[in-house]
file data.txt (compact mmCIF, C-alpha atoms and all ligand atoms)
# COMPACT_ATOMS: atom_id res chain seq x y z
CA MET A 1 0.00 0.00 0.00
CA ASN A 2 1.24 3.48 -0.83
CA LEU A 3 0.33 6.58 1.13
CA VAL A 4 -0.04 9.33 -1.43
CA PRO A 5 1.02 12.80 -0.25
CA SER A 6 -1.44 15.60 -0.97
CA PRO A 7 -2.89 18.59 0.90
CA ARG A 8 -4.99 15.98 2.72
CA LEU A 9 -1.97 13.99 3.81
CA ARG A 10 0.94 16.32 4.26
CA THR A 11 4.51 15.22 4.72
CA SER A 12 6.49 16.15 7.81
CA PRO A 13 9.94 17.70 7.24
CA PHE A 14 11.23 14.78 9.35
CA HIS A 15 9.44 12.13 7.30
CA GLU A 16 12.47 10.65 5.57
CA ALA A 17 14.42 10.52 8.83
CA VAL A 18 11.50 8.83 10.55
CA VAL A 19 11.21 6.20 7.83
CA ALA A 20 14.98 5.60 7.94
CA ALA A 21 14.71 5.18 11.73
CA GLY A 22 12.21 2.36 11.19
CA VAL A 23 8.82 3.80 12.08
CA THR A 24 6.19 1.03 12.26
CA ASP A 25 2.99 2.70 13.52
CA VAL A 26 1.53 6.03 12.46
CA THR A 27 -1.71 7.90 12.83
CA VAL A 28 -3.17 10.97 11.13
CA TYR A 29 -3.22 14.29 12.98
CA ASN A 30 -3.91 17.72 11.49
CA LYS A 31 -3.81 16.15 8.02
CA MET A 32 -0.27 14.85 8.64
CA LEU A 33 1.22 11.51 9.55
CA LEU A 34 2.14 11.38 13.23
CA PRO A 35 4.53 8.54 14.16
CA LEU A 36 3.35 6.41 17.11
CA SER A 37 5.96 3.66 17.41
CA TYR A 38 9.14 2.16 16.04
CA GLY A 39 8.12 -1.39 16.84
CA ASP A 40 9.55 -1.83 20.34
CA PRO A 41 7.20 -0.20 22.88
CA ALA A 42 9.20 -1.41 25.89
CA ALA A 43 12.44 0.12 24.58
CA GLU A 44 10.65 3.33 23.63
CA TYR A 45 9.15 3.67 27.11
CA ARG A 46 12.51 3.00 28.75
CA ARG A 47 14.28 5.53 26.54
CA LEU A 48 11.71 8.18 27.42
CA THR A 49 11.76 7.52 31.17
CA GLU A 50 15.48 6.75 31.58
CA ALA A 51 17.40 8.45 28.75
CA VAL A 52 16.27 10.64 25.86
CA ALA A 53 14.08 10.22 22.80
CA ILE A 54 13.52 12.21 19.61
CA TRP A 55 9.94 12.61 18.35
CA ASP A 56 8.57 13.90 15.06
CA VAL A 57 5.65 16.00 16.27
CA ALA A 58 5.46 18.23 13.18
CA ALA A 59 1.73 17.38 13.14
CA GLU A 60 1.34 19.80 16.07
CA ARG A 61 0.77 22.61 13.56
CA GLN A 62 0.88 26.29 14.43
CA VAL A 63 -1.74 28.93 13.74
CA GLU A 64 -0.01 32.30 13.71
CA VAL A 65 -1.82 35.51 14.67
CA ARG A 66 -0.03 38.76 13.89
CA GLY A 67 -1.01 42.43 13.71
CA PRO A 68 -2.10 45.46 15.74
CA ASP A 69 -5.02 43.63 17.44
CA ALA A 70 -3.13 40.39 18.12
CA ASP A 71 -3.22 40.71 21.94
CA ALA A 72 -6.96 41.35 22.05
CA CYS A 73 -7.73 38.76 19.40
CA VAL A 74 -5.74 35.96 21.04
CA GLN A 75 -7.30 36.73 24.44
CA TYR A 76 -10.77 36.66 22.88
CA LEU A 77 -10.01 33.16 21.52
CA THR A 78 -8.62 31.83 24.81
CA ALA A 79 -10.35 30.85 28.07
CA ARG A 80 -7.33 31.78 30.20
CA ASP A 81 -5.98 35.04 31.57
CA LEU A 82 -3.23 36.24 29.21
CA SER A 83 -2.88 39.75 30.69
CA LYS A 84 0.44 38.98 32.36
CA MET A 85 1.88 36.85 29.57
CA LYS A 86 5.38 37.89 28.54
CA HIS A 87 7.25 37.67 25.27
CA GLY A 88 9.15 34.40 25.28
CA GLN A 89 6.50 32.67 27.38
CA GLY A 90 4.20 29.79 26.50
CA LYS A 91 1.00 28.75 28.25
CA TYR A 92 -1.22 25.71 28.04
CA VAL A 93 -4.66 27.02 27.14
CA ALA A 94 -8.20 25.99 26.29
CA MET A 95 -9.87 27.31 23.17
CA CYS A 96 -13.66 27.04 23.58
CA ASP A 97 -16.77 27.74 21.52
CA HIS A 98 -19.63 29.96 22.69
CA ASP A 99 -21.21 27.11 24.65
CA GLY A 100 -17.97 26.35 26.47
CA ARG A 101 -17.14 23.24 24.47
CA ILE A 102 -13.42 22.71 24.14
CA LEU A 103 -12.27 23.06 20.52
CA ASN A 104 -8.57 22.54 21.12
CA ASP A 105 -5.98 22.59 23.93
CA PRO A 106 -2.97 24.33 22.41
CA VAL A 107 0.30 25.47 23.83
CA LEU A 108 0.20 29.22 23.13
CA LEU A 109 3.56 30.91 22.43
CA LYS A 110 3.94 34.70 22.59
CA LEU A 111 6.76 35.67 20.23
CA SER A 112 8.19 39.18 19.83
CA ASP A 113 5.65 40.27 17.21
CA ARG A 114 3.18 37.38 16.86
CA TYR A 115 1.48 34.45 18.58
CA TRP A 116 1.48 30.77 17.75
CA PHE A 117 -1.27 28.42 18.82
CA SER A 118 0.57 25.07 18.79
CA LEU A 119 -2.34 22.79 18.15
CA ALA A 120 -3.90 19.49 18.94
CA ASP A 121 -5.87 17.78 16.19
CA SER A 122 -8.70 20.10 15.07
CA ASP A 123 -9.20 22.69 12.32
CA VAL A 124 -8.43 25.82 14.31
CA LEU A 125 -7.31 27.86 11.30
CA LEU A 126 -10.92 27.91 10.02
CA TRP A 127 -12.29 28.90 13.42
CA VAL A 128 -9.77 31.69 14.01
CA ARG A 129 -10.25 33.20 10.56
CA ALA A 130 -14.03 33.21 10.98
CA VAL A 131 -13.86 34.81 14.43
CA VAL A 132 -11.35 37.42 13.26
CA ARG A 133 -13.54 38.46 10.35
CA GLU A 134 -16.77 38.48 12.36
CA ARG A 135 -15.23 40.62 15.11
CA GLY A 136 -13.19 42.86 12.80
CA PHE A 137 -9.82 42.29 14.47
CA ASP A 138 -6.91 43.86 12.57
CA VAL A 139 -4.70 40.75 12.33
CA THR A 140 -3.51 38.26 9.75
CA VAL A 141 -3.87 34.54 10.42
CA HIS A 142 -2.04 31.72 8.70
CA GLU A 143 -0.30 28.41 9.23
CA PRO A 144 3.46 29.10 9.05
CA ASP A 145 6.21 26.69 7.96
CA VAL A 146 6.91 25.61 11.56
CA SER A 147 7.36 21.99 12.65
CA PRO A 148 8.09 20.92 16.22
CA LEU A 149 10.67 18.23 16.93
CA ALA A 150 10.49 17.01 20.53
CA VAL A 151 13.49 15.88 22.59
CA GLN A 152 12.12 14.23 25.72
CA GLY A 153 13.54 12.38 28.69
CA PRO A 154 15.69 12.93 31.78
CA LEU A 155 18.85 13.38 29.67
CA ALA A 156 17.25 15.86 27.25
CA GLU A 157 18.59 18.87 29.14
CA SER A 158 22.21 17.67 28.91
CA LEU A 159 21.82 17.04 25.21
CA ILE A 160 20.18 20.40 24.50
CA THR A 161 22.84 22.16 26.59
CA ASP A 162 25.56 20.48 24.52
CA LEU A 163 23.90 21.74 21.33
CA PHE A 164 22.87 25.26 22.34
CA GLY A 165 25.00 26.22 25.35
CA PRO A 166 24.52 26.34 29.11
CA HIS A 167 22.10 29.31 29.01
CA VAL A 168 19.23 27.04 27.90
CA ALA A 169 19.26 25.31 31.29
CA SER A 170 17.71 28.43 32.84
CA LEU A 171 14.62 28.30 30.60
CA LYS A 172 11.50 27.82 32.71
CA TYR A 173 8.70 25.43 31.71
CA PHE A 174 6.98 26.58 28.49
CA TRP A 175 9.44 29.48 28.04
CA PHE A 176 11.40 29.70 24.81
CA ILE A 177 14.07 31.51 22.83
CA GLU A 178 14.32 32.29 19.13
CA THR A 179 17.65 30.84 18.06
CA GLU A 180 19.38 28.76 15.42
CA LEU A 181 21.49 25.65 15.08
CA ARG A 182 24.13 25.70 12.32
CA GLY A 183 22.01 28.35 10.59
CA ILE A 184 18.73 26.42 10.92
CA PRO A 185 16.14 28.89 12.30
CA LEU A 186 14.40 27.56 15.42
CA VAL A 187 12.33 28.37 18.42
CA LEU A 188 13.65 26.36 21.35
CA CYS A 189 11.05 25.78 24.07
CA ARG A 190 11.10 23.82 27.30
CA SER A 191 7.97 21.80 26.60
CA GLY A 192 6.68 18.51 25.25
CA TRP A 193 3.89 16.03 25.79
CA SER A 194 5.55 14.06 28.57
CA LYS A 195 6.50 14.69 32.18
CA GLN A 196 10.04 13.37 31.72
CA GLY A 197 11.50 16.80 31.00
CA GLY A 198 12.55 18.04 27.64
CA PHE A 199 12.40 20.56 24.87
CA GLU A 200 10.74 21.18 21.58
CA LEU A 201 12.68 22.57 18.62
CA PHE A 202 10.23 24.42 16.39
CA LEU A 203 11.89 24.15 12.98
CA GLN A 204 11.19 27.27 10.90
CA ASP A 205 12.45 25.96 7.56
CA GLY A 206 10.74 22.77 6.38
CA SER A 207 13.50 22.06 3.86
CA ARG A 208 15.99 21.42 6.69
CA GLY A 209 14.19 18.76 8.74
CA GLY A 210 16.57 15.92 7.90
CA GLU A 211 19.56 18.06 8.78
CA LEU A 212 18.08 19.04 12.16
CA TRP A 213 17.11 15.44 12.99
CA ASP A 214 20.66 14.26 12.20
CA LEU A 215 22.30 16.97 14.33
CA VAL A 216 20.18 16.03 17.34
CA VAL A 217 20.71 12.29 16.89
CA GLU A 218 24.48 12.76 16.50
CA ALA A 219 24.73 14.86 19.67
CA GLY A 220 22.44 12.41 21.47
CA GLN A 221 24.55 9.30 20.84
CA LYS A 222 26.38 9.59 24.14
CA TYR A 223 23.04 9.82 25.99
CA GLY A 224 21.56 6.77 24.29
CA ILE A 225 19.11 8.72 22.15
CA GLY A 226 16.70 6.82 19.95
CA PRO A 227 13.47 7.44 18.07
CA GLY A 228 10.18 7.60 19.89
CA ALA A 229 6.76 9.18 19.82
CA PRO A 230 4.14 10.58 22.15
CA ASN A 231 3.84 7.72 24.59
CA ASN A 232 0.40 6.61 25.74
CA ALA A 233 1.53 4.83 28.90
CA GLU A 234 3.71 7.71 30.08
CA ARG A 235 1.12 10.36 29.33
CA ILE A 236 -1.59 8.49 31.23
CA GLU A 237 0.79 8.08 34.18
CA SER A 238 1.36 11.85 33.94
CA GLY A 239 -2.33 12.71 33.52
CA LEU A 240 -1.86 14.59 30.25
CA LEU A 241 -4.99 15.16 28.20
CA SER A 242 -5.27 13.84 24.65
CA TRP A 243 -7.84 16.12 23.08
CA GLY A 244 -10.17 14.13 20.80
CA ALA A 245 -9.29 10.86 22.53
CA ASP A 246 -10.29 11.99 26.04
CA THR A 247 -12.88 14.53 24.93
CA THR A 248 -16.04 14.35 22.84
CA PRO A 249 -17.31 17.22 20.65
CA ASP A 250 -19.40 18.30 23.67
CA SER A 251 -16.80 18.20 26.44
CA ASN A 252 -16.04 21.36 28.40
CA PRO A 253 -12.61 22.10 29.91
CA PHE A 254 -13.73 21.14 33.43
CA GLU A 255 -14.54 17.62 32.24
CA ALA A 256 -11.14 17.50 30.56
CA GLY A 257 -9.08 18.25 33.66
CA MET A 258 -8.37 21.83 32.57
CA ALA A 259 -10.14 23.71 35.40
CA HIS A 260 -6.79 25.01 36.57
CA TYR A 261 -6.19 26.73 33.22
CA VAL A 262 -9.60 28.40 32.84
CA ASP A 263 -10.11 31.92 34.25
CA VAL A 264 -13.80 32.84 34.11
CA ASP A 265 -13.57 36.00 36.23
CA ILE A 266 -11.11 38.12 34.26
CA PRO A 267 -12.16 41.58 32.98
CA ALA A 268 -11.48 40.67 29.34
CA ASP A 269 -14.19 38.99 27.31
CA PHE A 270 -13.48 35.68 25.62
CA ILE A 271 -15.53 33.18 23.66
CA GLY A 272 -17.42 30.85 25.97
CA LYS A 273 -16.98 33.01 29.09
CA ALA A 274 -20.68 33.16 30.06
CA ALA A 275 -21.20 29.44 29.43
CA LEU A 276 -18.12 28.54 31.46
CA GLN A 277 -19.26 30.81 34.30
CA ARG A 278 -22.56 28.90 34.40
CA ILE A 279 -20.70 25.58 34.57
CA VAL A 280 -18.55 26.89 37.42
CA ALA A 281 -21.70 27.99 39.28
CA THR A 282 -23.39 24.59 39.08
CA GLY A 283 -20.22 22.48 39.02
CA PRO A 284 -19.36 20.26 36.05
CA ALA A 285 -21.42 17.11 35.62
CA ARG A 286 -18.35 14.93 35.12
CA LEU A 287 -14.69 15.07 36.10
CA PHE A 288 -11.53 13.84 34.41
CA THR A 289 -9.95 11.23 36.66
CA GLY A 290 -7.63 8.26 36.77
CA LEU A 291 -8.62 4.60 37.17
CA VAL A 292 -6.55 1.68 38.35
CA ILE A 293 -8.12 -1.37 36.76
CA GLU A 294 -7.91 -4.79 38.37
CA PRO A 295 -6.52 -7.59 36.18
CA LEU A 296 -9.11 -10.09 35.02
CA ALA A 297 -8.84 -13.44 36.69
CA GLY A 298 -7.02 -15.60 34.19
CA GLY A 299 -5.34 -13.10 32.03
CA ALA A 300 -4.73 -10.38 29.62
CA THR A 301 -7.14 -8.06 27.92
CA SER A 302 -7.63 -7.31 24.27
CA TRP A 303 -7.94 -3.60 24.93
CA SER A 304 -6.02 -1.33 22.65
CA MET A 305 -5.07 2.11 23.77
CA HIS A 306 -7.94 4.17 22.41
CA ASP A 307 -10.77 1.76 23.12
CA ARG A 308 -13.51 3.52 25.02
CA ALA A 309 -15.42 1.59 27.63
CA GLN A 310 -18.42 2.29 29.78
CA VAL A 311 -17.94 2.77 33.52
CA PHE A 312 -20.55 1.55 36.01
CA ASN A 313 -21.35 2.01 39.66
CA GLY A 314 -23.50 -1.05 40.33
CA SER A 315 -26.10 -1.12 37.58
CA GLU A 316 -25.83 2.57 36.87
CA ARG A 317 -23.68 3.94 34.08
CA VAL A 318 -21.56 6.77 35.51
CA GLY A 319 -18.96 7.55 32.86
CA THR A 320 -16.58 6.60 30.11
CA MET A 321 -13.02 5.32 30.15
CA SER A 322 -11.27 7.01 27.20
CA SER A 323 -7.62 5.81 27.19
CA VAL A 324 -5.93 2.84 28.82
CA ALA A 325 -2.41 1.45 29.10
CA TYR A 326 -0.26 -0.90 31.12
CA SER A 327 2.12 1.15 33.26
CA PRO A 328 5.56 -0.52 33.42
CA ARG A 329 6.57 1.60 36.41
CA LEU A 330 3.38 0.99 38.43
CA GLU A 331 2.94 -2.55 37.12
CA GLN A 332 -0.78 -1.88 36.84
CA THR A 333 -3.35 -1.25 34.17
CA ILE A 334 -4.22 2.43 34.35
CA ALA A 335 -6.67 4.59 32.47
CA VAL A 336 -8.21 8.03 32.27
CA ALA A 337 -11.96 8.48 32.36
CA GLN A 338 -14.74 11.05 32.54
CA ILE A 339 -16.94 10.11 35.48
CA ARG A 340 -19.92 11.67 37.26
CA ARG A 341 -18.67 14.22 39.74
CA SER A 342 -20.44 12.78 42.80
CA VAL A 343 -18.90 9.36 42.14
CA VAL A 344 -15.39 10.83 41.76
CA GLU A 345 -15.75 12.97 44.87
CA ALA A 346 -16.96 9.99 46.93
CA GLY A 347 -14.21 7.77 45.48
CA SER A 348 -16.82 5.06 44.97
CA PRO A 349 -15.71 1.72 43.57
CA VAL A 350 -16.59 1.34 39.90
CA GLU A 351 -16.49 -1.30 37.18
CA VAL A 352 -15.27 -0.97 33.62
CA ALA A 353 -16.93 -2.94 30.81
CA SER A 354 -13.93 -4.55 29.09
CA PRO A 355 -14.22 -6.83 26.06
CA GLU A 356 -13.75 -9.77 28.45
CA GLY A 357 -16.34 -8.62 30.93
CA ARG A 358 -16.60 -6.24 33.84
CA ARG A 359 -13.45 -5.37 35.76
CA GLN A 360 -13.25 -3.63 39.08
CA ALA A 361 -11.56 -0.27 39.09
CA THR A 362 -10.46 2.27 41.67
CA ILE A 363 -10.84 5.98 41.13
CA THR A 364 -7.38 7.52 41.50
CA PRO A 365 -6.37 11.17 41.29
CA LEU A 366 -4.25 12.36 38.37
CA PRO A 367 -1.36 12.31 37.80
CA PHE A 368 -0.58 8.70 38.75
CA ILE A 369 3.14 9.53 38.90
N1 LIG B 1 3.64 20.58 22.24
C1 LIG B 1 3.30 21.44 21.27
N2 LIG B 1 2.07 21.48 20.76
C2 LIG B 1 1.13 20.62 21.23
C3 LIG B 1 1.42 19.72 22.26
C4 LIG B 1 2.73 19.70 22.77
N3 LIG B 1 -0.10 20.66 20.71
C5 LIG B 1 -1.01 19.59 20.97
C6 LIG B 1 -0.92 19.07 22.38
N4 LIG B 1 0.47 18.84 22.74
C7 LIG B 1 -1.53 20.05 23.31
N5 LIG B 1 -1.85 19.44 24.56
C8 LIG B 1 -1.04 19.52 25.68
C9 LIG B 1 -1.50 18.92 26.81
C10 LIG B 1 -0.76 19.00 27.99
C11 LIG B 1 0.46 19.66 27.99
C12 LIG B 1 0.91 20.23 26.83
C13 LIG B 1 0.15 20.18 25.67
C14 LIG B 1 1.26 19.79 29.22
N6 LIG B 1 0.60 19.85 30.38
C15 LIG B 1 1.22 19.88 31.67
C16 LIG B 1 0.23 19.27 32.67
O1 LIG B 1 -0.95 19.22 32.36
O2 LIG B 1 0.69 18.84 33.71
C17 LIG B 1 1.67 21.24 32.13
C18 LIG B 1 0.61 22.30 32.05
C19 LIG B 1 0.97 23.55 32.85
O3 LIG B 1 1.48 23.42 33.97
O4 LIG B 1 0.69 24.66 32.37
O5 LIG B 1 2.46 19.86 29.21
O6 LIG B 1 3.08 18.91 23.66
N7 LIG B 1 4.22 22.26 20.78
call {"tool": "encode", "arguments": {"input": "data.txt", "output": "structure tokens"}}
result
Amino acid sequence: MNLVPSPRLRTSPFHEAVVAAGVTDVTVYNKMLLPLSYGDPAAEYRRLTEAVAIWDVAAERQVEVRGPDADACVQYLTARDLSKMKHGQGKYVAMCDHDGRILNDPVLLKLSDRYWFSLADSDVLLWVRAVVRERGFDVTVHEPDVSPLAVQGPLAESLITDLFGPHVASLKYFWFIETELRGIPLVLCRSGWSKQGGFELFLQDGSRGGELWDLVVEAGQKYGIGPGAPNNAERIESGLLSWGADTTPDSNPFEAGMAHYVDVDIPADFIGKAALQRIVATGPARLFTGLVIEPLAGGATSWSMHDRAQVFNGSERVGTMSSVAYSPRLEQTIAVAQIRRSVVEAGSPVEVASPEGRRQATITPLPFI
């Protein structure tokens, strides 16, 4: 079978490097291939938690907003207080519709003269352009030639320091610098979809992806670098949200574990503010929580990582399990779920409907680790 590149299936600047590294599993994300595995999940998990891994996350596309009204426009699109945000700072934000449904959960970067929404998998460019035109903001909006390459793991900081110099060690979480590596223009940010520490190199010239990949891999040899990808087991352990997997088209940020990042009482107006204030007043119907799932007597499960399953309290359905994995460090099957608030707050025992039958599960706060 051939995958035919087109505007519907765009090629990452790191694609050739990824194929040469032996990618085995991919998915589609923002109309791009997103690598998931190189065929050895145990080695990939170990590399991420004990050494350093390189990930092609070019599919985390940017929507750039630039112009005289950029500050006001980006605040209007974002359900979080941006009034104190500095140049060189990133923030994890929720982008909601007028009914408070979460449309995307980007990392927002404030550059010297523009913003980037670094996106999860939904068509935010269409939404932003429509809002801008309807509200008459004086900004331009486009998707720039910018492709993140993640370097994740406990040894990532040593590797990045070797490449860029000791000053990068002082970068705080989600802060970044505009820099270059052998003339390759980059934004270097302390970020990434794991809790193992690390950086993202936002490549600003798609013709130089192979070169950048090779420079990082060469410098990473002494740290045992190898290819990897956003890791489902590690991100469940860490309680990181996968928008689209752990949300439905109707989820609000409180059901997605993002309460901490939503500021409903700021002076500025933003889309969804009134709806989110109403949800705060009544309390969300469901909460995002962890589950530790008991092994079935007699063996393994046929669950794969994005299988959803219903969650019960006795005969009553109380929620949905949305992602599940075996945690090598906890030696347990763990999951994330959206469960009725009263059940989560009481910590009631629940059962998950697995393909092999019901399994007992314990509500556990996130993160697991
Ligand atoms: N990097 C970049 N773009 C991205 C992601 C990324 N776009 C899509 C997706 N990931 C966005 N989603 C998340 C979800 C969680 C985090 C980052 C991006 C994250 N959360 C921490 C947490 O929840 O503990 C820290 C949040 C905080 O303290 O502010 O890191 O990974 N470029």
call {"tool": "closest_atom_pairs", "arguments": {"input": "data.txt", "of": "stretch 45-81 of chain A", "to": "stretch 140-153 of chain A", "cutoff": "9 Å", "atoms": "only C-alpha atoms", "output": "tab-separated table"}}
result
residue	atom	partner	partner_atom	distance
A:Arg47	CA	A:Gly153	CA	7.2
A:Leu48	CA	A:Gly153	CA	4.8
A:Thr49	CA	A:Gly153	CA	5.7
A:Glu50	CA	A:Gly153	CA	6.6
A:Ala51	CA	A:Gly153	CA	5.5
A:Val52	CA	A:Gly153	CA	4.3
A:Ala53	CA	A:Gln152	CA	5.3
A:Ile54	CA	A:Val151	CA	4.7
A:Trp55	CA	A:Ala150	CA	4.9
A:Asp56	CA	A:Leu149	CA	5.2
A:Val57	CA	A:Pro148	CA	5.5
A:Ala58	CA	A:Ser147	CA	4.2
A:Ala59	CA	A:Ser147	CA	7.3
A:Glu60	CA	A:Pro148	CA	6.8
A:Arg61	CA	A:Ser147	CA	6.7
A:Gln62	CA	A:Glu143	CA	5.7
A:Val63	CA	A:Glu143	CA	4.8
A:Glu64	CA	A:His142	CA	5.4
A:Val65	CA	A:Val141	CA	4.8
A:Arg66	CA	A:Thr140	CA	5.4
A:Gly67	CA	A:Thr140	CA	6.3
A:Ala70	CA	A:Thr140	CA	8.6
call {"tool": "atom_distance", "arguments": {"input": "data.txt", "atom1": "atom CA of A:Arg286", "atom2": "atom C7 of ligand LIG 1 (chain B)"}}
result
21.2 Å
call {"tool": "atom_distance", "arguments": {"input": "data.txt", "atom1": "atom CA of A:Trp116", "atom2": "atom CA of A:Arg208"}}
result
20.5 Å
call {"tool": "atom_distance", "arguments": {"input": "data.txt", "atom1": "atom CA of A:Phe176", "atom2": "atom CA of A:Pro35"}}
result
24.7 Å
call {"tool": "residues_near_ligand", "arguments": {"input": "data.txt", "ligand": "ligand LIG 1 (chain B)", "cutoff": "10 Å", "atoms": "only C-alpha atoms and all ligand atoms", "output": "number ranges by chain"}}
result
A: 29, 57-62, 90-94, 104-109, 116-122, 147-150, 173-174, 189-195, 197, 199-202, 230, 235, 238-243, 257-258, 260-261, 366-367
call {"tool": "residues_near_point", "arguments": {"input": "data.txt", "point": "(-5.6, 41.5, 32.5)", "cutoff": "9 Å", "atoms": "all atoms listed in the file", "output": "JSON, numbers by chain"}}
result
{"A": [81, 82, 83, 84, 266, 267, 268]}
call {"tool": "residues_around", "arguments": {"input": "data.txt", "residues": "A:Ala309", "least_positions_apart": "5", "cutoff": "8 Å", "atoms": "all atoms listed in the file", "output": "list of chain:residue names"}}
result
A:Thr320, A:Met321, A:Ser322, A:Val352, A:Ala353, A:Ser354
call {"tool": "residues_around", "arguments": {"input": "data.txt", "residues": "A:Phe164", "least_positions_apart": "5", "cutoff": "9 Å", "atoms": "all atoms listed in the file", "output": "VMD selection string"}}
result
chain A and resid 159 179 to 181
call {"tool": "residues_around", "arguments": {"input": "data.txt", "residues": "A:Glu16", "least_positions_apart": "6", "cutoff": "12 Å", "atoms": "all atoms listed in the file", "output": "compact mmCIF listing (two decimals) with C-alpha atoms, in the coordinates of the input"}}
result
# COMPACT_ATOMS: atom_id res chain seq x y z
CA GLY A 22 12.21 2.36 11.19
CA VAL A 23 8.82 3.80 12.08
CA LEU A 33 1.22 11.51 9.55
CA PRO A 35 4.53 8.54 14.16
CA ASP A 56 8.57 13.90 15.06
CA SER A 207 13.50 22.06 3.86
CA ARG A 208 15.99 21.42 6.69
CA GLY A 209 14.19 18.76 8.74
CA GLY A 210 16.57 15.92 7.90
CA GLU A 211 19.56 18.06 8.78
CA TRP A 213 17.11 15.44 12.99
CA ASP A 214 20.66 14.26 12.20
call {"tool": "residues_around", "arguments": {"input": "data.txt", "residues": "A:Val318", "least_positions_apart": "4", "cutoff": "10 Å", "atoms": "only C-alpha atoms", "output": "list in words"}}
result
Arg286, Gln310, Val311, Phe312, Asn313, Gly314, Gln338, Ile339, Arg340, Arg341, Ser342, Val343, Val344, Val350 and Glu351 of chain A
call {"tool": "closest_residue", "arguments": {"input": "data.txt", "among": "A:Val139, A:Leu103, A:Val124, A:Val217", "to": "A:Ala21", "atoms": "all atoms listed in the file"}}
result
A:Val217
call {"tool": "residues_around", "arguments": {"input": "data.txt", "residues": "stretch 291-294 of chain A", "least_positions_apart": "2", "cutoff": "7 Å", "atoms": "all atoms listed in the file", "output": "ChimeraX atom specification"}}
result
/A:289,296,332-336,359-364
call {"tool": "write_last_selection", "arguments": {"input": "data.txt", "atoms": "C-alpha atoms", "output": "short mmCIF file (atom, residue, chain, number, x, y, z; two decimals), in the coordinates of the input"}}
result
data_model
loop_
_atom_site.label_atom_id
_atom_site.label_comp_id
_atom_site.auth_asym_id
_atom_site.auth_seq_id
_atom_site.Cartn_x
_atom_site.Cartn_y
_atom_site.Cartn_z
CA THR A 289 -9.95 11.23 36.66
CA LEU A 296 -9.11 -10.09 35.02
CA GLN A 332 -0.78 -1.88 36.84
CA THR A 333 -3.35 -1.25 34.17
CA ILE A 334 -4.22 2.43 34.35
CA ALA A 335 -6.67 4.59 32.47
CA VAL A 336 -8.21 8.03 32.27
CA ARG A 359 -13.45 -5.37 35.76
CA GLN A 360 -13.25 -3.63 39.08
CA ALA A 361 -11.56 -0.27 39.09
CA THR A 362 -10.46 2.27 41.67
CA ILE A 363 -10.84 5.98 41.13
CA THR A 364 -7.38 7.52 41.50
#
call {"tool": "closest_residue", "arguments": {"input": "data.txt", "among": "A:Arg308, A:Arg135, A:Arg358, A:Arg329", "to": "A:Asp69", "atoms": "only C-alpha atoms"}}
result
A:Arg135
call {"tool": "build_atoms", "arguments": {"input": "data.txt", "residues": "stretch 43-54 of chain A", "atoms": "N, CA and C atoms", "output": "short mmCIF file (atom, residue, chain, number, x, y, z; two decimals), in the coordinates of the input"}}
result
data_model
loop_
_atom_site.label_atom_id
_atom_site.label_comp_id
_atom_site.auth_asym_id
_atom_site.auth_seq_id
_atom_site.Cartn_x
_atom_site.Cartn_y
_atom_site.Cartn_z
N ALA A 43 11.21 -0.68 24.73
CA ALA A 43 12.44 0.12 24.58
C ALA A 43 12.11 1.60 24.47
N GLU A 44 11.01 1.92 23.79
CA GLU A 44 10.65 3.33 23.63
C GLU A 44 10.25 3.96 24.97
N TYR A 45 9.54 3.19 25.78
CA TYR A 45 9.15 3.67 27.11
C TYR A 45 10.38 3.87 27.99
N ARG A 46 11.29 2.92 27.93
CA ARG A 46 12.51 3.00 28.75
C ARG A 46 13.37 4.20 28.34
N ARG A 47 13.51 4.39 27.04
CA ARG A 47 14.28 5.53 26.54
C ARG A 47 13.70 6.85 27.04
N LEU A 48 12.38 6.94 27.01
CA LEU A 48 11.71 8.18 27.42
C LEU A 48 11.84 8.41 28.92
N THR A 49 11.76 7.35 29.72
CA THR A 49 11.76 7.52 31.17
C THR A 49 13.16 7.44 31.77
N GLU A 50 14.14 6.92 31.01
CA GLU A 50 15.48 6.75 31.58
C GLU A 50 16.58 7.47 30.81
N ALA A 51 16.35 7.84 29.55
CA ALA A 51 17.40 8.45 28.75
C ALA A 51 16.84 9.65 27.98
N VAL A 52 16.80 9.54 26.66
CA VAL A 52 16.27 10.64 25.86
C VAL A 52 15.78 10.09 24.52
N ALA A 53 14.68 10.66 24.05
CA ALA A 53 14.08 10.22 22.80
C ALA A 53 13.81 11.42 21.91
N ILE A 54 13.81 11.17 20.59
CA ILE A 54 13.52 12.21 19.61
C ILE A 54 12.20 11.86 18.93
#
